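Content type mmCIF, C-alpha atoms and all ligand atoms, from the file coords_3.cif:
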```cif
data_my_file
#
loop_
_atom_site.label_atom_id
_atom_site.label_comp_id
_atom_site.auth_asym_id
_atom_site.auth_seq_id
_atom_site.Cartn_x
_atom_site.Cartn_y
_atom_site.Cartn_z
CA MET F 23 -57.40 -74.32 -61.25
CA ASN F 24 -60.91 -75.39 -62.30
CA GLY F 25 -61.42 -76.11 -66.00
CA ILE F 26 -63.98 -73.95 -67.77
CA THR F 27 -66.09 -74.99 -70.76
CA ILE F 28 -67.84 -72.36 -72.89
CA ALA F 29 -70.66 -73.37 -75.31
CA LEU F 30 -70.95 -71.35 -78.53
CA SER F 31 -72.63 -71.81 -81.90
CA LYS F 32 -70.84 -71.31 -85.20
CA GLY F 33 -71.46 -68.25 -87.32
CA ARG F 34 -72.60 -64.89 -86.00
CA ILE F 35 -72.55 -65.85 -82.31
CA PHE F 36 -69.01 -67.21 -82.51
CA ASP F 37 -67.83 -64.22 -84.58
CA GLU F 38 -69.43 -61.62 -82.35
CA THR F 39 -68.31 -63.35 -79.13
CA LEU F 40 -64.63 -63.36 -80.20
CA PRO F 41 -63.99 -59.74 -79.06
CA LEU F 42 -65.65 -60.47 -75.70
CA LEU F 43 -63.49 -63.57 -75.22
CA ALA F 44 -60.45 -61.49 -76.15
CA ALA F 45 -61.37 -58.99 -73.44
CA ALA F 46 -61.23 -61.90 -70.99
CA GLY F 47 -57.82 -62.88 -72.41
CA ILE F 48 -59.26 -65.95 -74.17
CA VAL F 49 -58.21 -66.67 -77.77
CA PRO F 50 -59.50 -69.84 -79.52
CA SER F 51 -56.74 -71.88 -81.12
CA GLU F 52 -58.90 -72.79 -84.13
CA ASN F 53 -61.82 -71.40 -86.10
CA PRO F 54 -64.86 -73.75 -85.93
CA GLU F 55 -65.84 -72.54 -89.43
CA SER F 56 -62.82 -74.29 -90.94
CA SER F 57 -62.14 -76.93 -88.30
CA ARG F 58 -64.41 -79.94 -87.91
CA LYS F 59 -63.53 -80.20 -84.24
CA LEU F 60 -66.40 -79.78 -81.79
CA ILE F 61 -64.07 -79.11 -78.86
CA ILE F 62 -61.72 -76.20 -79.41
CA ASP F 63 -58.79 -75.38 -77.17
CA THR F 64 -57.84 -71.84 -76.31
CA ASN F 65 -54.64 -70.03 -75.37
CA GLN F 66 -55.62 -70.63 -71.74
CA GLU F 67 -54.96 -74.16 -70.64
CA HIS F 68 -58.02 -74.31 -68.38
CA VAL F 69 -60.53 -72.86 -70.90
CA ARG F 70 -62.07 -74.76 -73.83
CA LEU F 71 -64.95 -74.10 -76.20
CA VAL F 72 -67.62 -76.55 -77.31
CA ILE F 73 -69.37 -75.87 -80.62
CA VAL F 74 -73.09 -76.76 -80.62
CA ARG F 75 -76.31 -75.82 -82.43
CA ALA F 76 -77.54 -72.36 -81.40
CA SER F 77 -80.70 -73.87 -79.89
CA ASP F 78 -78.66 -76.45 -77.91
CA VAL F 79 -76.48 -73.92 -76.04
CA PRO F 80 -78.91 -73.50 -73.08
CA THR F 81 -79.20 -77.28 -72.70
CA TYR F 82 -75.42 -77.81 -72.45
CA VAL F 83 -75.19 -75.04 -69.85
CA GLN F 84 -78.31 -76.13 -67.93
CA TYR F 85 -76.85 -79.61 -67.34
CA GLY F 86 -73.36 -78.31 -66.59
CA ALA F 87 -71.71 -79.84 -69.67
CA ALA F 88 -70.68 -76.24 -70.28
CA ASP F 89 -70.21 -73.62 -67.54
CA LEU F 90 -70.94 -70.64 -69.78
CA GLY F 91 -72.64 -70.08 -73.09
CA VAL F 92 -73.96 -67.43 -75.45
CA ALA F 93 -77.56 -67.77 -76.64
CA GLY F 94 -80.16 -65.60 -78.36
CA LYS F 95 -83.18 -64.35 -76.43
CA ASP F 96 -85.30 -66.26 -78.99
CA VAL F 97 -83.57 -69.52 -78.05
CA LEU F 98 -83.69 -68.78 -74.30
CA ILE F 99 -87.44 -68.15 -74.34
CA GLU F 100 -88.08 -71.46 -76.09
CA HIS F 101 -85.72 -73.27 -73.70
CA GLY F 102 -87.35 -71.75 -70.62
CA GLY F 103 -84.13 -70.85 -68.78
CA ALA F 104 -84.16 -73.61 -66.15
CA GLY F 105 -80.83 -73.91 -64.33
CA LEU F 106 -79.41 -70.80 -65.98
CA TYR F 107 -78.21 -67.46 -64.72
CA GLN F 108 -78.49 -64.77 -67.39
CA PRO F 109 -76.25 -62.04 -65.99
CA LEU F 110 -75.58 -60.07 -69.19
CA ASP F 111 -77.23 -58.89 -72.36
CA LEU F 112 -74.24 -58.97 -74.74
CA ASN F 113 -75.93 -56.75 -77.31
CA ILE F 114 -74.74 -58.98 -80.19
CA ALA F 115 -76.58 -60.94 -82.93
CA LYS F 116 -79.31 -58.31 -82.85
CA CYS F 117 -82.50 -58.75 -84.82
CA ARG F 118 -86.28 -58.53 -84.34
CA MET F 119 -88.94 -61.20 -83.85
CA MET F 120 -91.73 -60.34 -86.30
CA VAL F 121 -95.03 -61.58 -87.67
CA ALA F 122 -94.93 -61.64 -91.49
CA VAL F 123 -97.53 -62.43 -94.15
CA PRO F 124 -97.66 -62.60 -97.97
CA GLU F 125 -97.77 -59.14 -99.59
CA GLY F 126 -101.45 -59.33 -100.59
CA PHE F 127 -102.77 -60.64 -97.27
CA ASP F 128 -104.77 -58.16 -95.17
CA TYR F 129 -103.56 -59.20 -91.72
CA ALA F 130 -105.24 -56.34 -89.86
CA SER F 131 -108.72 -57.15 -91.12
CA ALA F 132 -108.23 -60.91 -90.67
CA VAL F 133 -107.38 -60.20 -87.02
CA GLN F 134 -110.25 -57.72 -86.66
CA GLN F 135 -112.73 -60.28 -88.04
CA GLY F 136 -111.50 -62.80 -85.47
CA ALA F 137 -110.29 -65.21 -88.16
CA ARG F 138 -108.39 -68.27 -86.99
CA LEU F 139 -104.88 -67.89 -88.43
CA LYS F 140 -102.42 -70.63 -89.29
CA VAL F 141 -98.97 -69.50 -88.17
CA ALA F 142 -95.77 -71.40 -89.00
CA THR F 143 -92.77 -70.88 -86.74
CA LYS F 144 -89.74 -72.31 -85.00
CA TYR F 145 -90.66 -70.15 -81.96
CA ILE F 146 -93.81 -71.81 -80.61
CA THR F 147 -93.61 -70.42 -77.06
CA THR F 148 -92.97 -66.83 -78.17
CA ALA F 149 -95.69 -67.01 -80.81
CA ARG F 150 -98.23 -68.55 -78.43
CA GLU F 151 -97.65 -65.84 -75.83
CA HIS F 152 -97.74 -63.05 -78.40
CA PHE F 153 -101.05 -64.05 -80.00
CA ALA F 154 -102.64 -64.97 -76.66
CA ALA F 155 -101.81 -61.49 -75.30
CA LYS F 156 -103.44 -59.93 -78.36
CA GLY F 157 -106.46 -62.24 -78.23
CA VAL F 158 -105.73 -63.55 -81.74
CA HIS F 159 -106.78 -67.15 -82.40
CA VAL F 160 -103.99 -69.15 -84.01
CA ASP F 161 -103.10 -72.68 -84.98
CA LEU F 162 -99.33 -72.92 -84.59
CA ILE F 163 -97.36 -75.12 -86.96
CA LYS F 164 -93.87 -76.06 -85.78
CA LEU F 165 -91.08 -75.76 -88.34
CA TYR F 166 -87.31 -76.03 -87.94
CA GLY F 167 -86.22 -73.59 -90.65
CA SER F 168 -87.08 -71.71 -93.86
CA MET F 169 -90.33 -70.39 -92.35
CA GLU F 170 -90.63 -67.98 -95.30
CA LEU F 171 -91.70 -70.85 -97.54
CA ALA F 172 -94.76 -71.84 -95.50
CA PRO F 173 -97.21 -69.11 -96.62
CA LEU F 174 -96.00 -69.36 -100.23
CA VAL F 175 -97.17 -72.97 -100.52
CA GLY F 176 -100.31 -72.72 -98.39
CA LEU F 177 -98.93 -74.33 -95.24
CA SER F 178 -99.77 -71.21 -93.21
CA ASP F 179 -101.29 -67.71 -93.40
CA ALA F 180 -98.44 -66.09 -91.50
CA ILE F 181 -95.03 -66.78 -89.98
CA VAL F 182 -93.23 -65.71 -86.84
CA ASP F 183 -89.54 -65.34 -87.60
CA LEU F 184 -86.39 -63.33 -86.94
CA VAL F 185 -85.80 -60.39 -89.24
CA SER F 186 -82.69 -58.24 -89.55
CA SER F 187 -82.38 -56.52 -92.94
CA GLY F 188 -85.73 -57.78 -94.25
CA ALA F 189 -84.06 -58.97 -97.47
CA THR F 190 -85.25 -62.57 -97.07
CA LEU F 191 -88.85 -61.47 -96.52
CA LYS F 192 -88.66 -59.21 -99.55
CA ALA F 193 -87.13 -61.90 -101.77
CA ASN F 194 -90.13 -64.11 -100.92
CA LYS F 195 -92.78 -61.37 -101.28
CA LEU F 196 -93.57 -61.27 -97.59
CA VAL F 197 -94.11 -58.22 -95.39
CA ALA F 198 -93.60 -57.80 -91.66
CA VAL F 199 -96.88 -56.76 -90.02
CA GLU F 200 -96.11 -56.95 -86.30
CA HIS F 201 -93.03 -56.46 -84.16
CA ILE F 202 -93.03 -58.98 -81.32
CA MET F 203 -89.73 -58.17 -79.59
CA ASP F 204 -86.15 -57.07 -80.09
CA ILE F 205 -83.67 -59.94 -79.89
CA SER F 206 -80.03 -60.02 -78.82
CA SER F 207 -77.80 -62.67 -77.30
CA ARG F 208 -77.11 -63.17 -73.62
CA LEU F 209 -74.39 -64.72 -71.54
CA VAL F 210 -75.78 -67.77 -69.74
CA VAL F 211 -74.10 -69.40 -66.77
CA ASN F 212 -74.74 -72.73 -65.08
CA GLN F 213 -76.12 -71.87 -61.64
CA ALA F 214 -74.19 -74.56 -59.74
CA ALA F 215 -70.94 -73.78 -61.60
CA LEU F 216 -71.23 -70.13 -60.63
CA LYS F 217 -71.16 -71.14 -56.97
CA LEU F 218 -68.46 -73.82 -57.26
CA LYS F 219 -66.16 -72.06 -59.74
CA ARG F 220 -66.88 -68.42 -58.95
CA ASP F 221 -63.18 -67.53 -58.67
CA THR F 222 -62.65 -68.53 -62.29
CA LEU F 223 -66.02 -67.57 -63.77
CA GLN F 224 -66.56 -64.15 -62.22
CA PRO F 225 -63.48 -62.54 -63.87
CA ILE F 226 -64.70 -63.82 -67.27
CA ILE F 227 -68.20 -62.45 -66.64
CA ASP F 228 -66.71 -59.11 -65.51
CA ALA F 229 -64.48 -58.90 -68.60
CA PHE F 230 -67.47 -59.59 -70.86
CA ALA F 231 -69.48 -56.92 -69.01
CA GLY F 232 -66.70 -54.40 -69.53
CA ALA F 233 -66.47 -55.16 -73.26
CA VAL F 234 -70.19 -55.09 -74.11
CA GLU F 235 -70.96 -52.36 -76.64
CA LYS F 236 -73.93 -50.28 -75.59
P1 LIG I 301 -79.43 -73.18 -86.95
O1 LIG I 301 -78.77 -72.38 -88.04
O2 LIG I 301 -78.53 -74.11 -86.22
O3 LIG I 301 -80.74 -73.76 -87.36
P2 LIG I 301 -80.05 -70.62 -85.94
O4 LIG I 301 -80.50 -70.20 -87.30
O5 LIG I 301 -80.91 -70.25 -84.78
O6 LIG I 301 -79.83 -72.17 -85.81
P3 LIG I 301 -77.90 -68.80 -86.17
O7 LIG I 301 -78.36 -68.43 -87.53
O8 LIG I 301 -76.46 -68.99 -85.91
O9 LIG I 301 -78.57 -70.13 -85.69
O10 LIG I 301 -78.48 -67.73 -85.16
C1 LIG I 301 -78.03 -67.69 -83.85
C2 LIG I 301 -78.77 -66.59 -83.13
O11 LIG I 301 -78.50 -65.34 -83.76
C3 LIG I 301 -80.29 -66.75 -83.13
O12 LIG I 301 -80.71 -67.53 -82.05
C4 LIG I 301 -80.74 -65.30 -83.02
O13 LIG I 301 -80.73 -64.88 -81.68
C5 LIG I 301 -79.67 -64.54 -83.79
N1 LIG I 301 -80.04 -64.32 -85.19
C6 LIG I 301 -80.68 -65.14 -86.02
N2 LIG I 301 -80.86 -64.60 -87.23
C7 LIG I 301 -80.30 -63.38 -87.17
C8 LIG I 301 -80.13 -62.31 -88.11
N3 LIG I 301 -80.58 -62.40 -89.34
N4 LIG I 301 -79.46 -61.22 -87.71
C9 LIG I 301 -78.97 -61.12 -86.48
N5 LIG I 301 -79.11 -62.08 -85.53
C10 LIG I 301 -79.76 -63.19 -85.87
MG MG I 302 -79.87 -69.21 -88.94
#
```
Please go through the file and, once you have read it, give me the structure as structure tokens.
Ligand code: ATP
Ligand code: MG
Amino acid sequence: MNGITIALSKGRIFDETLPLLAAAGIVPSENPESSRKLIIDTNQEHVRLVIVRASDVPTYVQYGAADLGVAGKDVLIEHGGAGLYQPLDLNIAKCRMMVAVPEGFDYASAVQQGARLKVATKYITTAREHFAAKGVHVDLIKLYGSMELAPLVGLSDAIVDLVSSGATLKANKLVAVEHIMDISSRLVVNQAALKLKRDTLQPIIDAFAGAVEK
């Protein structure tokens, strides 16, 4: 039997993938939240989990260090998807990619006047494509987190970030002004592994497909 490695990130992706793993008969033997282990065994001798940063999941799967993984559409767009099959939208970790600005900032007229906007974001590729399609001139500033701070201290005019409840925007006196896309997480599969280990991988993919909530 071929060994299978599944790459997951801690937090919402791990939590929301648990029921899908269970549908495939896979139960992790530890919780990565409380364990410091980066490799987690499961009830199935030939299946293990590796715990990596959310944005590193596609890389582990691309190079075959993991056969399967779960990654957000946001992360997959930035990664580019090379070497990956993306057979399933898992409909988990749902949120929206938005443009947000400080409450007093008139985004619509700035855009209309053709102003050059400074936009801070972790999602450079998504932001570049969004503003290019709208013909908005932007200088993109790459950040790795806490994008909400950038306009508050004059680093940028706007941010591109993920929004779910909107509570973080509100707490920082920001408002969402444009919806870029809906985000959810997908199952990603190493293309070579799918050919070489199809007998083991396909039943897992099928079980996930059967357990996805519409
Ligand atoms: P890190 O915390 O390692 O910097 P991250 O913030 O991208 O990375 P998570 O917060 O675990 O990691 O998010 C994982 C994925 O969940 C994201 O790639 C995105 O697709 C989705 N996500 C992010 N924020 C939210 C949210 N507020 N609500 C729902 N889903 C979200
Ligand atoms: Mg996060």
Could I get the residue neighbourhood of ligand MG 302 (chain I) at 12 Å, counting all atoms listed in the file, as a PyMOL selection string? chain F and resi 31-35+75-77+94+96-97+115+117+144+166-169+183-186+190
Residue neighbourhood region 121-124 of chain F, 10 Å, all atoms listed in the file, exclusion window fewer than 4 positions, as a PyMOL selection string: chain F and resi 128-129+141-143+149+152+169-170+172-174+178-185+191-192+194-202
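Taking atom C10 of ligand LIG 301 (chain I) and CA of Lys116 (chain F) as endpoints, the distance between them is 5.8 Å.
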Pairwise distance for CA of Val92 (chain F) and CA of Pro80 (chain F), rounded to one decimal in Å: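 Pair CA of Val92 (chain F) / CA of Pro80 (chain F) returns 8.2 Å.
Neighbours of Val210 (chain F) closer than or equal to 8 Å, with all atoms listed in the file counted and sequence neighbours fewer than 5 positions away skipped, come out as Pro80, Val83, Leu90, Gly91, Val92, Ala93, Leu106, Tyr107, Gln108, Pro109 and Leu110 of chain F.
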Saved selection, atoms kept: C-alpha atoms, as a CSV table (one decimal), keeping the file's coordinate frame:
```csv
chain,number,residue,atom,x,y,z
F,80,PRO,CA,-78.9,-73.5,-73.1
F,83,VAL,CA,-75.2,-75.0,-69.8
F,90,LEU,CA,-70.9,-70.6,-69.8
F,91,GLY,CA,-72.6,-70.1,-73.1
F,92,VAL,CA,-74.0,-67.4,-75.4
F,93,ALA,CA,-77.6,-67.8,-76.6
F,106,LEU,CA,-79.4,-70.8,-66.0
F,107,TYR,CA,-78.2,-67.5,-64.7
F,108,GLN,CA,-78.5,-64.8,-67.4
F,109,PRO,CA,-76.2,-62.0,-66.0
F,110,LEU,CA,-75.6,-60.1,-69.2
```
